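These notes concern the structure reproduced below.
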Amino acid sequence: MRNRSVPRVATLLLSVAVTVASVACAERFEEPKADLILRNARVYTLAWDDPATDGTPADNAPYDESGWHPDASAVAVRGQTVLFVGDDEASEAYRDDHTRVVDLEGATLLPGLVDAHTHIINLGTVLEQVDMVDVQTEEAAVELVAQRAQDVPEGDWIVGYGWDDGAWADDYPDMRLLTERVPNHPVLMRGLHGFAVWGNRLALEEAGITAATEAPSGGRILKDETGNPTGLLLDRATSLLTGALPPPSVSQLESRILAAMQVMAEDGYTTVHEAGVGSAAMQAFENLAAEGRMPLRVYVMISARDNDLARQWLEWGPDTDGNDKLITRAVKAYYDAALGSRGARLLEDYSDMPGHRGVSGEEYGFNEELVSEMMAAGFQVGVHAIGDAGNRETLDFIERVYSVHPEAKDYRHRVEHAQVVHPDDFRRFSDYDLIASVQPPHAMEDKAWALQRLGPERVLGAYAWRTFRKTGAPLAFSSDLPGSDHDIFYGLVAAMARQDKLGEPEGGWYPNERMTPEEAVRGYTSWAAYSAFLEDTVGTIAPGMWADLTVMDVDPLSLGSSEPLRLLDGRILMTIVAGEIIYERN
Ligand SMILES: [Zn+2]
């Protein structure tokens, strides 16, 4: 939030100090007592030095020729912060009748996980839709919607997703049963493959689709023998119905955020970096934060596409104290599009589409003036750049801003994705103090076609995490959910083995760019914390830091060193944010 004054950690430390001082006069010195002690754990504090750029662990890391060893077994928490880290026996000094003690039975305890590039609002939208994936019949699909309608105020839209618009193509459903069973809510049912939508009467009425409506070219409105629409629209005509969906209200956004945060808590995350937040979503986050309803920390990147919101924050200035669950000091800008759809800007033609190089800059809505003003005002910018030209032009832009506003170099700007980089440009990331904010799952999903798009030379500069490390650029890891699966075990395996969920390819995809297990874990903890200016409060475990902790039933450092694919079977056991257990597996 804006304009907070006293940092909370400092306040807490002060109160601990006062407590200690007041009991010091007593006959026996007593340690302040913990609210929670987690013991019998494999604790990796990550509070040792970073590994060398080739991945070699630091001299003070708990690592030797036999591998990784936890550097503690117990963590004590008081209020919102860590009180003690050490062994089980020493943790006893912090225990009294009110302390909850949890025996973790050898589970691994890490600093709280961070997903450094998410769209949790979109995840919430997906969660809210009626899930019709694998539903076999029209009747079954309609029944699911009818059940949902009981909990939705009349008149509000219900959106379903996942009925099989491919398999059902010979006998498409229409609006009759859907209208009969759900007469008082507009219903929009998206097909699994995205080329068909199916609506009820009210939805078509609200969209103004009638017998007289003509389909746009490249689309079809199915009509019955009397010429009336049946409720089924195909291809480019689908937008006639999807375009009628009203934007969500702030309270709907709040519900979606909370639903998505619940999923993230269950999946072990304590902080997300929300990449591109507009006005309504910002209002929803601010409401939740003000009401103390956010289980997770959210590091917001304001969308530079929302000019009014960005200008408003430009007036207020960045929120730099970092002591709230909601932190707003970054802005997300968009320089080019995606590689899969061939929108990413390349220096040379796409290998599988001669004459085409993608889009970038102004043609993609990049507002150079706004972004440079925000950088000069102390905001961190995260620029979406995917292609090698997209990245080069982004680097050129940042260089220009620094030449006019040298102080802007202090704000840890990020390149979101930094996916394909020309060999000459890697060094510029560290020269400009830029963070490469990369998504290990993207590499695994894109490997199916990345070589075709890029050819054998350029692909060597794609998803090149080791090359970034070797040239000195800091990394932060993320999923870009819901486009990719945010499962941490998949993310870790993608980072350290460059193998997908099926273990493909054997030996890893361009394995020279693999991360070590320590680097993979740091990408989701301490390095991600650095990318949000939070390394002094989260990302490692030490007394005085926020008690943001994640417990899992596998050890990503030792197992990651021997059999990384086995991490895919890992499970999250507990998630703690600011001392509060927000998820606990039974
Ligand atoms: Zn994204």
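Residue numbering restarts at 1 for every chain of the structure tokens, chains are lettered A, B, ... in their displayed order, and ligands are numbered from 1 as they appear.
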
| What residues have any atom no more than 12 Å from ligand 1 when counting only C-alpha atoms and all ligand atoms, and can you list them as a PyMOL selection string? | chain A and resi 115-123+273-277+301+303+332-334+337-338+382-386+415-418+437-439+442+478-484

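Within 9 Å of Asp96 of chain A, once only C-alpha atoms are used and residues closer than 6 positions along the same chain are dropped, the contacting residues are Lys33, Ala34 and Asp35 of chain A.
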
Determine, for each residue of segment 79-140 of chain A having at least one atom at most 6 Å from an atom of segment 36-44 of chain A, the closest pair of atoms and their separation in Å to one decimal, counting only C-alpha atoms; order by chain and ascending number, as JSON lines.
{"residue": "A:Asp88", "atom": "CA", "partner": "A:Arg39", "partner_atom": "CA", "distance": 5.8}
{"residue": "A:Thr99", "atom": "CA", "partner": "A:Leu36", "partner_atom": "CA", "distance": 5.4}
{"residue": "A:Arg100", "atom": "CA", "partner": "A:Leu36", "partner_atom": "CA", "distance": 4.7}
{"residue": "A:Val101", "atom": "CA", "partner": "A:Ile37", "partner_atom": "CA", "distance": 4.7}
{"residue": "A:Val102", "atom": "CA", "partner": "A:Leu38", "partner_atom": "CA", "distance": 5.0}
{"residue": "A:Asp103", "atom": "CA", "partner": "A:Arg39", "partner_atom": "CA", "distance": 5.2}
{"residue": "A:Leu104", "atom": "CA", "partner": "A:Ala41", "partner_atom": "CA", "distance": 5.4}
{"residue": "A:Glu105", "atom": "CA", "partner": "A:Asn40", "partner_atom": "CA", "distance": 5.6}
{"residue": "A:Gly106", "atom": "CA", "partner": "A:Ala41", "partner_atom": "CA", "distance": 4.6}
{"residue": "A:Ala107", "atom": "CA", "partner": "A:Ala41", "partner_atom": "CA", "distance": 5.2}
{"residue": "A:Thr108", "atom": "CA", "partner": "A:Arg42", "partner_atom": "CA", "distance": 4.5}
{"residue": "A:Leu109", "atom": "CA", "partner": "A:Val43", "partner_atom": "CA", "distance": 4.7}
{"residue": "A:Leu110", "atom": "CA", "partner": "A:Tyr44", "partner_atom": "CA", "distance": 5.5}

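Of the residues under consideration (A:Leu83, A:Leu232, A:Met574, A:Ala528), A:Leu83 shows the shortest atom-to-atom contact distance to Glu31 of chain A when counting only C-alpha atoms.
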
| field | Point-to-point distance from atom CA of Ala211 of chain A to atom CA of Leu233 of chain A, Å rounded to tenths | value | 12.9 Å

Within 9 Å of Arg176 of chain A, counting only C-alpha atoms, which residues show up once you throw out same-chain ones fewer than 3 positions away? Write them as a PDB file with C-alpha atoms, in the first residue's frame, please.
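result.pdb written:
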ATOM      1  CA  PRO A 173     -25.693 -28.750 -29.118  1.00  0.00           C
ATOM      2  CA  THR A 179     -32.372 -22.284 -22.044  1.00  0.00           C
ATOM      3  CA  GLU A 180     -34.983 -24.576 -20.505  1.00  0.00           C
ATOM      4  CA  ARG A 181     -32.741 -25.570 -17.599  1.00  0.00           C
ATOM      5  CA  ASN A 200     -28.505 -19.901 -24.135  1.00  0.00           C
ATOM      6  CA  ARG A 201     -31.313 -17.585 -25.229  1.00  0.00           C
ATOM      7  CA  THR A 230     -29.455 -22.040 -32.663  1.00  0.00           C
ATOM      8  CA  GLY A 231     -27.054 -20.774 -29.995  1.00  0.00           C
TER       9      GLY A 231
END

| said: Can you tell me which residues surround segment 339-345 of chain A at a distance of at most 10 Å, considering only C-alpha atoms, apart from same-chain residues fewer than 4 positions away, and format the answer as a PyMOL selection string? | reply: chain A and resi 335+349-350+352-353+356-361+364+385-393+419-420+445-446+448-450+453-454
